[in-house]
>>> print(open('data-v7.txt').read())   # compact mmCIF, C-alpha atoms
# COMPACT_ATOMS: atom_id res chain seq x y z
CA MET A 214 109.78 83.15 98.60
CA PHE A 215 107.17 85.85 99.05
CA ASN A 216 105.35 85.53 102.39
CA ASN A 217 101.63 86.22 101.90
CA ASP A 218 100.87 85.86 105.60
CA ARG A 219 103.40 88.54 106.52
CA LEU A 220 101.97 90.89 103.87
CA LEU A 221 98.47 90.35 105.22
CA VAL A 222 99.62 91.12 108.77
CA GLN A 223 101.30 94.33 107.58
CA ILE A 224 98.16 95.45 105.77
CA LEU A 225 96.07 94.78 108.87
CA LEU A 226 98.50 96.71 111.05
CA LEU A 227 98.44 99.67 108.66
CA GLY A 228 94.64 99.60 108.61
CA LEU A 229 94.57 99.49 112.42
CA LEU A 230 97.02 102.41 112.60
CA GLY A 231 94.91 104.43 110.15
CA ALA A 232 91.76 103.75 112.20
CA CYS A 233 93.52 104.91 115.38
CA VAL A 234 94.65 108.11 113.67
CA TRP A 235 91.08 108.69 112.47
CA VAL A 236 89.71 108.25 115.98
CA LEU A 237 92.27 110.61 117.54
CA ALA A 238 92.11 113.24 114.76
CA PRO A 239 89.63 115.55 116.60
CA PHE A 240 91.97 115.64 119.59
CA TRP A 241 95.34 116.18 117.88
CA SER A 242 95.56 119.82 118.81
CA ALA A 243 94.66 119.25 122.48
CA LEU A 244 97.07 116.30 122.67
CA PHE A 245 99.82 118.38 121.11
CA TRP A 246 99.46 121.29 123.54
CA ALA A 247 99.18 118.94 126.52
CA ALA A 248 102.40 117.22 125.44
CA VAL A 249 104.21 120.56 124.97
CA LEU A 250 103.05 121.85 128.37
CA ALA A 251 104.06 118.62 130.13
CA PHE A 252 107.44 118.53 128.43
CA ALA A 253 108.19 122.19 129.13
CA SER A 254 107.36 121.83 132.84
CA TRP A 255 108.85 118.35 133.35
CA PRO A 256 111.69 119.62 135.60
CA LEU A 257 109.02 121.01 137.92
CA MET A 258 107.28 117.62 137.84
CA ARG A 259 110.52 115.89 138.88
CA LEU A 260 111.02 118.30 141.80
CA LEU A 261 107.43 117.87 142.98
CA THR A 262 107.62 114.07 142.70
CA ARG A 263 110.81 114.05 144.77
CA ALA A 264 109.19 116.31 147.38
CA LEU A 265 106.16 113.96 147.62
CA GLY A 266 108.29 110.87 148.14
CA GLY A 267 108.03 109.45 144.63
CA ARG A 268 104.23 109.54 144.33
CA HIS A 269 103.80 110.31 140.64
CA THR A 270 100.00 110.38 140.61
CA ALA A 271 99.77 112.85 143.49
CA ALA A 272 102.43 115.07 141.93
CA ALA A 273 100.65 114.96 138.55
CA ALA A 274 97.29 115.84 140.12
CA LEU A 275 98.75 118.69 142.17
CA LEU A 276 100.65 120.17 139.22
CA THR A 277 97.60 119.88 136.93
CA ALA A 278 95.44 121.65 139.51
CA GLY A 279 98.06 124.38 139.77
CA TRP A 280 98.10 124.90 136.00
CA THR A 281 94.30 125.01 135.93
CA LEU A 282 94.18 127.73 138.58
CA LEU A 283 97.08 129.61 137.00
CA VAL A 284 95.40 129.68 133.58
CA ALA A 285 91.69 129.75 134.42
CA LEU A 286 91.63 132.50 137.05
CA PRO A 287 93.52 135.12 134.99
CA LEU A 288 91.35 134.35 131.95
CA VAL A 289 88.12 134.84 133.93
CA TRP A 290 89.44 138.05 135.50
CA LEU A 291 90.61 139.28 132.11
CA GLY A 292 87.20 138.52 130.58
CA PHE A 293 85.36 140.66 133.14
CA ASN A 294 87.79 143.57 132.71
CA LEU A 295 87.61 143.38 128.92
CA ALA A 296 83.83 143.52 129.14
CA ASP A 297 84.13 146.80 131.05
CA HIS A 298 86.56 148.22 128.49
CA ILE A 299 84.30 147.21 125.60
CA ARG A 300 81.43 148.99 127.35
CA ASP A 301 83.58 152.11 127.66
CA ALA A 302 84.54 151.93 123.98
CA THR A 303 80.87 151.65 122.98
CA GLU A 304 80.04 154.68 125.11
CA LEU A 305 82.89 156.60 123.46
CA VAL A 306 81.51 155.87 119.98
CA LYS A 307 78.06 157.06 121.06
CA ASN A 308 79.52 160.30 122.43
CA ILE A 309 81.32 160.91 119.14
CA GLN A 310 78.06 160.47 117.26
CA VAL A 311 76.31 163.01 119.51
CA ASP A 312 78.99 165.62 120.29
CA GLY A 313 81.32 165.17 117.34
CA PHE A 314 85.09 165.30 117.31
CA PRO A 315 87.10 167.69 119.52
CA GLN A 316 89.05 170.55 118.02
CA PRO A 317 92.14 169.48 116.05
CA PRO A 318 95.41 169.86 117.98
CA ASP A 319 97.56 172.88 117.21
CA TRP A 320 100.53 170.79 116.11
CA LEU A 321 98.49 169.04 113.40
CA ALA A 322 98.52 172.15 111.20
CA GLY A 323 102.30 172.34 111.55
CA VAL A 324 102.93 168.92 109.98
CA PRO A 325 105.07 169.54 106.88
CA LEU A 326 103.38 169.26 103.48
CA VAL A 327 100.14 167.62 104.71
CA GLY A 328 99.27 169.63 107.85
CA GLY A 329 96.58 171.78 106.17
CA ARG A 330 94.99 168.79 104.49
CA LEU A 331 94.89 166.85 107.77
CA VAL A 332 93.16 169.76 109.53
CA GLN A 333 90.68 170.05 106.68
CA LEU A 334 89.98 166.33 106.79
CA TRP A 335 89.49 166.52 110.56
CA GLN A 336 86.97 169.35 110.20
CA THR A 337 85.17 167.62 107.33
CA ILE A 338 84.70 164.46 109.36
CA ASP A 339 83.52 166.55 112.32
CA GLU A 340 80.97 168.46 110.20
CA GLN A 341 79.69 165.38 108.45
CA GLY A 342 79.82 163.09 111.44
CA ALA A 343 76.31 161.70 110.98
CA ALA A 344 76.89 160.94 107.30
CA PHE A 345 80.31 159.51 108.13
CA PHE A 346 78.92 157.05 110.69
CA ALA A 347 76.05 156.22 108.34
CA SER A 348 78.58 155.28 105.66
CA LEU A 349 80.31 153.04 108.19
CA LYS A 350 77.17 151.02 108.96
CA PRO A 351 77.74 148.35 106.25
CA TYR A 352 81.31 147.91 107.46
CA MET A 353 80.13 147.75 111.05
CA GLY A 354 77.93 144.83 110.07
CA LEU A 355 80.87 143.08 108.47
CA MET A 356 82.94 143.84 111.55
CA GLY A 357 80.20 142.40 113.75
CA ASN A 358 80.14 139.19 111.72
CA TRP A 359 83.94 139.01 111.92
CA LEU A 360 83.87 139.50 115.70
CA LEU A 361 81.16 136.85 116.00
CA ALA A 362 83.29 134.38 114.05
CA ARG A 363 86.33 135.23 116.17
CA SER A 364 84.24 134.80 119.33
CA ALA A 365 83.26 131.32 118.18
CA GLN A 366 86.92 130.52 117.56
CA ILE A 367 87.86 131.85 120.99
CA GLY A 368 85.14 129.71 122.55
CA GLY A 369 86.47 126.65 120.73
CA GLY A 370 89.97 127.57 121.87
CA MET A 371 88.79 127.73 125.48
CA LEU A 372 87.28 124.24 125.20
CA GLU A 373 90.50 122.99 123.63
CA LEU A 374 92.49 124.59 126.43
CA GLY A 375 90.32 122.87 129.04
CA LEU A 376 90.80 119.51 127.32
CA SER A 377 94.56 120.10 127.16
CA LEU A 378 94.68 120.83 130.89
CA ALA A 379 92.79 117.58 131.53
CA LEU A 380 95.10 115.55 129.26
CA VAL A 381 98.28 117.00 130.75
CA PHE A 382 97.61 114.98 133.93
CA PHE A 383 98.06 111.73 132.00
CA PHE A 384 101.21 113.03 130.32
CA TYR A 385 102.62 113.83 133.75
CA ARG A 386 101.64 110.49 135.24
CA ASP A 387 102.62 108.25 132.31
CA GLY A 388 105.38 110.41 130.83
CA PRO A 389 108.32 108.06 131.55
CA ARG A 390 106.50 105.07 130.06
CA MET A 391 105.58 107.08 126.94
CA ALA A 392 109.16 108.23 126.54
CA GLU A 393 110.46 104.67 126.89
CA LEU A 394 107.95 103.45 124.30
CA VAL A 395 109.07 106.14 121.84
CA ARG A 396 112.73 105.35 122.49
CA ARG A 397 112.27 101.64 121.84
CA ALA A 398 110.31 102.32 118.65
CA LEU A 399 113.04 104.63 117.38
CA GLU A 400 115.70 102.06 118.22
CA ARG A 401 113.84 99.53 116.11
CA LEU A 402 113.73 102.03 113.24
CA ILE A 403 117.13 103.78 113.25
CA GLY A 404 119.26 101.81 115.70
CA GLU A 405 121.90 103.40 117.89
CA ARG A 406 121.20 106.98 116.72
CA ALA A 407 117.81 106.96 118.48
CA GLU A 408 119.15 108.63 121.61
CA HIS A 409 120.76 111.39 119.54
CA TYR A 410 117.55 112.27 117.72
CA LEU A 411 115.48 112.07 120.87
CA ALA A 412 117.84 114.55 122.52
CA LEU A 413 117.70 116.72 119.39
CA VAL A 414 113.90 116.87 119.37
CA ALA A 415 113.74 117.43 123.13
CA GLY A 416 116.31 120.23 123.03
CA THR A 417 114.61 121.94 120.07
CA VAL A 418 111.17 121.87 121.69
CA GLN A 419 112.61 123.10 124.99
CA ARG A 420 114.37 126.02 123.30
CA VAL A 421 111.24 126.95 121.33
CA VAL A 422 109.15 126.89 124.51
CA ASN A 423 111.71 129.04 126.30
CA GLY A 424 111.83 131.43 123.35
CA VAL A 425 108.06 131.79 123.04
CA ILE A 426 107.33 132.14 126.76
CA GLY A 427 110.40 134.31 127.41
CA THR A 428 109.59 136.67 124.53
CA ALA A 429 105.94 136.91 125.57
CA ALA A 430 106.96 137.75 129.14
CA ALA A 431 109.44 140.37 127.93
CA GLN A 432 106.88 142.00 125.63
CA ALA A 433 104.26 142.03 128.38
CA ALA A 434 106.69 143.64 130.85
CA LEU A 435 107.78 146.29 128.35
CA ALA A 436 104.19 147.02 127.36
CA LEU A 437 103.22 147.33 131.04
CA ILE A 438 106.03 149.86 131.58
CA GLY A 439 104.84 151.87 128.59
CA PHE A 440 101.23 151.82 129.80
CA TRP A 441 102.26 152.97 133.28
CA ILE A 442 104.38 155.81 131.91
CA ALA A 443 101.59 156.96 129.58
CA GLY A 444 98.98 156.76 132.36
CA ILE A 445 96.72 154.21 130.63
CA PRO A 446 93.94 152.98 132.97
CA GLY A 447 93.88 149.22 133.49
CA ALA A 448 97.58 148.90 132.64
CA LEU A 449 97.90 145.55 134.42
CA VAL A 450 94.98 144.09 132.47
CA LEU A 451 96.47 145.30 129.22
CA GLY A 452 99.84 143.85 130.24
CA ILE A 453 98.31 140.40 130.79
CA LEU A 454 96.44 140.70 127.50
CA THR A 455 99.74 141.58 125.78
CA PHE A 456 101.32 138.43 127.22
CA LEU A 457 98.49 136.26 125.86
CA LEU A 458 98.47 137.93 122.45
CA SER A 459 102.27 137.76 122.23
CA LEU A 460 101.89 134.02 121.76
CA ILE A 461 100.45 134.67 118.28
CA PRO A 462 102.15 136.57 115.43
CA MET A 463 101.44 140.32 115.38
CA GLY A 464 99.48 140.08 118.62
CA PRO A 465 100.88 142.95 120.76
CA PRO A 466 99.78 145.73 118.33
CA LEU A 467 96.20 144.67 119.04
CA VAL A 468 96.76 146.09 122.54
CA TRP A 469 99.08 149.08 122.27
CA VAL A 470 97.55 150.53 119.06
CA PRO A 471 94.07 151.02 120.64
CA ALA A 472 95.77 152.38 123.77
CA THR A 473 97.64 154.91 121.62
CA ALA A 474 94.39 155.90 119.89
CA TRP A 475 92.74 156.35 123.31
CA LEU A 476 95.50 158.73 124.41
CA PHE A 477 95.24 160.66 121.17
CA TRP A 478 91.48 160.97 121.56
CA HIS A 479 91.83 162.37 125.08
CA GLY A 480 94.31 165.02 123.95
CA GLU A 481 97.42 163.37 125.42
CA TYR A 482 99.34 163.81 122.18
CA GLY A 483 102.81 163.62 123.72
CA TYR A 484 102.06 160.37 125.53
CA ALA A 485 100.31 159.04 122.41
CA ILE A 486 103.41 159.65 120.29
CA PHE A 487 105.60 158.11 123.02
CA LEU A 488 103.44 154.99 123.28
CA GLY A 489 103.28 154.59 119.49
CA ILE A 490 107.08 154.73 119.24
CA TRP A 491 107.52 152.52 122.31
CA GLY A 492 105.11 149.92 120.95
CA THR A 493 106.58 149.90 117.45
CA PHE A 494 110.28 149.75 118.25
CA ILE A 495 110.42 148.30 121.78
CA VAL A 496 107.40 146.06 122.39
CA SER A 497 106.98 144.69 118.86
CA GLY A 498 110.66 145.02 117.97
CA VAL A 499 111.90 142.76 120.78
CA ASP A 500 110.09 139.83 119.15
CA ASN A 501 112.40 140.00 116.13
CA VAL A 502 115.54 139.87 118.28
CA LEU A 503 114.84 137.96 121.48
CA LYS A 504 112.81 135.03 120.15
CA PRO A 505 115.36 133.87 117.49
CA TYR A 506 118.17 134.29 120.03
CA LEU A 507 116.45 132.22 122.72
CA ILE A 508 115.44 129.50 120.27
CA SER A 509 118.89 129.17 118.69
CA ARG A 510 120.82 129.51 121.98
CA GLY A 511 122.49 126.29 123.11
CA GLY A 512 121.91 124.45 119.84
CA ASN A 513 124.03 123.80 116.78
CA LEU A 514 121.40 124.97 114.30
CA PRO A 515 122.14 127.98 112.09
CA LEU A 516 119.98 130.99 112.87
CA VAL A 517 118.48 131.03 109.39
CA VAL A 518 117.20 127.47 109.88
CA VAL A 519 115.55 128.53 113.14
CA LEU A 520 113.91 131.57 111.55
CA LEU A 521 112.64 129.57 108.57
CA GLY A 522 111.33 126.89 110.91
CA VAL A 523 109.45 129.39 113.09
CA PHE A 524 107.83 131.50 110.37
CA GLY A 525 107.39 128.72 107.84
CA GLY A 526 105.91 126.45 110.48
CA ILE A 527 103.35 129.09 111.46
CA LEU A 528 102.33 129.55 107.82
CA ALA A 529 102.09 125.81 107.22
CA PHE A 530 100.53 124.50 110.46
CA GLY A 531 99.17 127.55 112.26
CA PHE A 532 100.22 128.24 115.83
CA MET A 533 101.31 124.61 116.30
CA GLY A 534 103.86 125.23 113.56
CA LEU A 535 105.75 127.45 115.98
CA PHE A 536 106.94 124.19 117.59
CA LEU A 537 106.63 121.80 114.65
CA GLY A 538 108.53 123.93 112.13
CA PRO A 539 111.85 124.27 114.00
CA THR A 540 111.66 120.65 115.18
CA LEU A 541 111.15 119.28 111.67
CA LEU A 542 113.93 121.42 110.23
CA ALA A 543 116.25 120.48 113.12
CA VAL A 544 115.74 116.75 112.53
CA ALA A 545 116.14 117.15 108.76
CA TYR A 546 119.28 119.26 109.19
CA SER A 547 120.79 116.70 111.56
CA LEU A 548 119.92 113.80 109.24
CA ILE A 549 121.56 115.53 106.27
CA THR A 550 124.60 116.47 108.36
CA ASP A 551 125.03 112.88 109.59
CA TRP A 552 124.65 111.55 106.08
CA LEU A 553 127.25 113.94 104.68
CA ALA A 554 129.63 113.22 107.56
CA GLY A 555 129.53 109.49 106.90
CA GLU A 556 132.33 107.83 104.99
CA PRO A 557 131.53 107.40 101.29
CA ARG A 558 131.43 103.94 99.84
CA GLN A 559 134.64 102.69 98.28
CA SER A 560 134.05 102.11 94.59
CA LEU A 561 135.09 98.74 93.22
CA PRO A 562 138.26 98.70 91.09
CA PRO A 563 137.57 98.45 87.37
CA THR A 564 137.82 95.01 85.91
CA ALA A 565 140.30 94.22 83.21
>>> encode(input="data-v7.txt", output="structure tokens")
Amino acid sequence: MFNNDRLLVQILLLGLLGACVWVLAPFWSALFWAAVLAFASWPLMRLLTRALGGRHTAAAALLTAGWTLLVALPLVWLGFNLADHIRDATELVKNIQVDGFPQPPDWLAGVPLVGGRLVQLWQTIDEQGAAFFASLKPYMGLMGNWLLARSAQIGGGMLELGLSLALVFFFYRDGPRMAELVRRALERLIGERAEHYLALVAGTVQRVVNGVIGTAAAQAALALIGFWIAGIPGALVLGILTFLLSLIPMGPPLVWVPATAWLFWHGEYGYAIFLGIWGTFIVSGVDNVLKPYLISRGGNLPLVVVLLGVFGGILAFGFMGLFLGPTLLAVAYSLITDWLAGEPRQSLPPTA
């Protein structure tokens, strides 16, 4: 017989769950990043808890303070240095408007097929510098509006980062209880395979974190080497900026392309060509090799599933998709594999 009381309870529970999701919706991104940071650094939390004699709260507070200092201080230092570089770039544009372009390099005329046209274009822009910059004014306004919008997004990102660093304390302190709650819920849903899927999700997230952070560190180190060889001022600042921008798709070219243009402008054509080649094939190229390798290493997922999860997740969910995409595809792949590996049902013999 249909149980109306049970149906009513289920409807109320679904309504309560929907209300909770609605309340937490503004904080999903901060909660997600706090959970990823806590999970990625959980071995460090275990070591610190053991060193403090099992005091979880003290270990969580100390580790949260360490993350705050490690993230906040470089960002503040980077902000002051970027302000100086932006001031230098503005001064460079003003000098171009007053003095014009320098003489074209000798090798420009020797470029096959288009060398003469490039020299002529260079001289035309130099002669009509005022008109050229006047024609750029409408685009400069659009660029200013774009930079203003990006600045607002960066400001919102900083607030979200601060909230994530505050929430990570509670993930550290209450992490074991949260994990036990998730495990029990999964056992109620899927039974004995709960441990397998928990390990699958944990391993996938850990490999993605290692791949993202490891690739960003490798790109920053390679970019720093290139900046030092080319003699770029503020190479360390640009290296840190490369590490931060490596966390987003196509981020490193935002650093080494302006540095290459700066070398070209100052007549260092050899170093400019070197840095352009180094940035294209070494700094940006390592992302296409190292990140898929680190993410797929130690797992049983095919490489194509990992690549589709990374790039498709970014397109579907933004930067969070870098972690969500591979995790979702890993769980789906494992579910399909388990289903196909199961024994098929024995069909009943036909009746006479």
>>> residues_around(input="data-v7.txt", residues="range 238-249 of chain A", least_positions_apart="6", cutoff="9 Å", atoms="only C-alpha atoms", output="list in words")
Glu373, Leu374, Gly375, Leu376, Ser377, Leu378, Ala379, Leu380, Val381, Phe382, Phe384, Tyr385, Val418, Gln419, Val422, Met533 and Phe536 of chain A
>>> atom_distance(input="data-v7.txt", atom1="CA of Leu260 in chain A", atom2="CA of Leu457 in chain A")
27.1 Å
>>> atom_distance(input="data-v7.txt", atom1="CA of Val468 in chain A", atom2="CA of Leu507 in chain A")
24.1 Å
>>> residues_around(input="data-v7.txt", residues="Gly279 in chain A", least_positions_apart="5", cutoff="12 Å", atoms="all atoms listed in the file", output="PDB file with C-alpha atoms, in the frame of the given file")
ATOM      1  CA  SER A 254     107.360 121.830 132.840  1.00  0.00           C
ATOM      2  CA  LEU A 257     109.020 121.010 137.920  1.00  0.00           C
ATOM      3  CA  MET A 258     107.280 117.620 137.840  1.00  0.00           C
ATOM      4  CA  LEU A 261     107.430 117.870 142.980  1.00  0.00           C
ATOM      5  CA  ALA A 272     102.430 115.070 141.930  1.00  0.00           C
ATOM      6  CA  ALA A 273     100.650 114.960 138.550  1.00  0.00           C
ATOM      7  CA  ALA A 274      97.290 115.840 140.120  1.00  0.00           C
ATOM      8  CA  VAL A 284      95.400 129.680 133.580  1.00  0.00           C
ATOM      9  CA  ALA A 285      91.690 129.750 134.420  1.00  0.00           C
ATOM     10  CA  LEU A 286      91.630 132.500 137.050  1.00  0.00           C
ATOM     11  CA  LEU A 378      94.680 120.830 130.890  1.00  0.00           C
ATOM     12  CA  ALA A 379      92.790 117.580 131.530  1.00  0.00           C
ATOM     13  CA  VAL A 381      98.280 117.000 130.750  1.00  0.00           C
ATOM     14  CA  PHE A 382      97.610 114.980 133.930  1.00  0.00           C
TER      15      PHE A 382
END
>>> closest_residue(input="data-v7.txt", among="A:Leu334, A:Ala436, A:Leu275, A:Ile403", to="Leu467 in chain A", atoms="all atoms listed in the file")
A:Ala436
>>> atom_distance(input="data-v7.txt", atom1="CA of Val425 in chain A", atom2="CA of Leu520 in chain A")
12.9 Å
>>> closest_residue(input="data-v7.txt", among="A:Leu548, A:Thr473, A:Leu537, A:Val421", to="Ile508 in chain A", atoms="all atoms listed in the file")
A:Val421
>>> residues_near_point(input="data-v7.txt", point="(118.4, 120.0, 110.1)", cutoff="10 Å", atoms="all atoms listed in the file", output="list of chain:residue names")
A:Leu413, A:Asn513, A:Leu514, A:Pro515, A:Val518, A:Val519, A:Gly522, A:Pro539, A:Thr540, A:Leu541, A:Leu542, A:Ala543, A:Val544, A:Ala545, A:Tyr546, A:Ser547, A:Leu548, A:Ile549, A:Thr550, A:Asp551
>>> build_atoms(input="data-v7.txt", residues="range 407-427 of chain A", atoms="N, CA and C atoms", output="JSON list (two decimals), in the coordinates of the input")
[["chain", "number", "residue", "atom", "x", "y", "z"],
["A", 407, "ALA", "N", 119.11, 106.57, 117.91],
["A", 407, "ALA", "CA", 117.81, 106.96, 118.48],
["A", 407, "ALA", "C", 117.97, 107.96, 119.61],
["A", 408, "GLU", "N", 118.95, 107.73, 120.49],
["A", 408, "GLU", "CA", 119.15, 108.63, 121.61],
["A", 408, "GLU", "C", 119.53, 110.04, 121.13],
["A", 409, "HIS", "N", 120.34, 110.09, 120.08],
["A", 409, "HIS", "CA", 120.76, 111.39, 119.54],
["A", 409, "HIS", "C", 119.56, 112.18, 119.03],
["A", 410, "TYR", "N", 118.69, 111.55, 118.28],
["A", 410, "TYR", "CA", 117.55, 112.27, 117.72],
["A", 410, "TYR", "C", 116.49, 112.59, 118.77],
["A", 411, "LEU", "N", 116.36, 111.74, 119.76],
["A", 411, "LEU", "CA", 115.48, 112.07, 120.87],
["A", 411, "LEU", "C", 115.97, 113.32, 121.61],
["A", 412, "ALA", "N", 117.28, 113.37, 121.87],
["A", 412, "ALA", "CA", 117.84, 114.55, 122.52],
["A", 412, "ALA", "C", 117.71, 115.78, 121.63],
["A", 413, "LEU", "N", 117.84, 115.60, 120.32],
["A", 413, "LEU", "CA", 117.70, 116.72, 119.39],
["A", 413, "LEU", "C", 116.29, 117.29, 119.42],
["A", 414, "VAL", "N", 115.29, 116.41, 119.34],
["A", 414, "VAL", "CA", 113.90, 116.87, 119.37],
["A", 414, "VAL", "C", 113.57, 117.52, 120.71],
["A", 415, "ALA", "N", 114.02, 116.88, 121.81],
["A", 415, "ALA", "CA", 113.74, 117.43, 123.13],
["A", 415, "ALA", "C", 114.38, 118.80, 123.31],
["A", 416, "GLY", "N", 115.64, 118.93, 122.89],
["A", 416, "GLY", "CA", 116.31, 120.23, 123.03],
["A", 416, "GLY", "C", 115.67, 121.30, 122.18],
["A", 417, "THR", "N", 115.25, 120.96, 120.95],
["A", 417, "THR", "CA", 114.61, 121.94, 120.07],
["A", 417, "THR", "C", 113.29, 122.42, 120.65],
["A", 418, "VAL", "N", 112.46, 121.48, 121.10],
["A", 418, "VAL", "CA", 111.17, 121.87, 121.69],
["A", 418, "VAL", "C", 111.37, 122.72, 122.94],
["A", 419, "GLN", "N", 112.35, 122.34, 123.77],
["A", 419, "GLN", "CA", 112.61, 123.10, 124.99],
["A", 419, "GLN", "C", 113.06, 124.53, 124.66],
["A", 420, "ARG", "N", 113.91, 124.68, 123.67],
["A", 420, "ARG", "CA", 114.37, 126.02, 123.30],
["A", 420, "ARG", "C", 113.23, 126.85, 122.69],
["A", 421, "VAL", "N", 112.37, 126.22, 121.90],
["A", 421, "VAL", "CA", 111.24, 126.95, 121.33],
["A", 421, "VAL", "C", 110.28, 127.40, 122.44],
["A", 422, "VAL", "N", 110.02, 126.51, 123.39],
["A", 422, "VAL", "CA", 109.15, 126.89, 124.51],
["A", 422, "VAL", "C", 109.76, 128.05, 125.29],
["A", 423, "ASN", "N", 111.05, 127.94, 125.58],
["A", 423, "ASN", "CA", 111.71, 129.04, 126.30],
["A", 423, "ASN", "C", 111.67, 130.34, 125.50],
["A", 424, "GLY", "N", 111.86, 130.24, 124.18],
["A", 424, "GLY", "CA", 111.83, 131.43, 123.35],
["A", 424, "GLY", "C", 110.46, 132.07, 123.29],
["A", 425, "VAL", "N", 109.42, 131.25, 123.15],
["A", 425, "VAL", "CA", 108.06, 131.79, 123.04],
["A", 425, "VAL", "C", 107.61, 132.40, 124.36],
["A", 426, "ILE", "N", 107.78, 131.64, 125.46],
["A", 426, "ILE", "CA", 107.33, 132.14, 126.76],
["A", 426, "ILE", "C", 108.20, 133.32, 127.21],
["A", 427, "GLY", "N", 109.51, 133.22, 127.00],
["A", 427, "GLY", "CA", 110.40, 134.31, 127.41],
["A", 427, "GLY", "C", 110.12, 135.59, 126.64]]
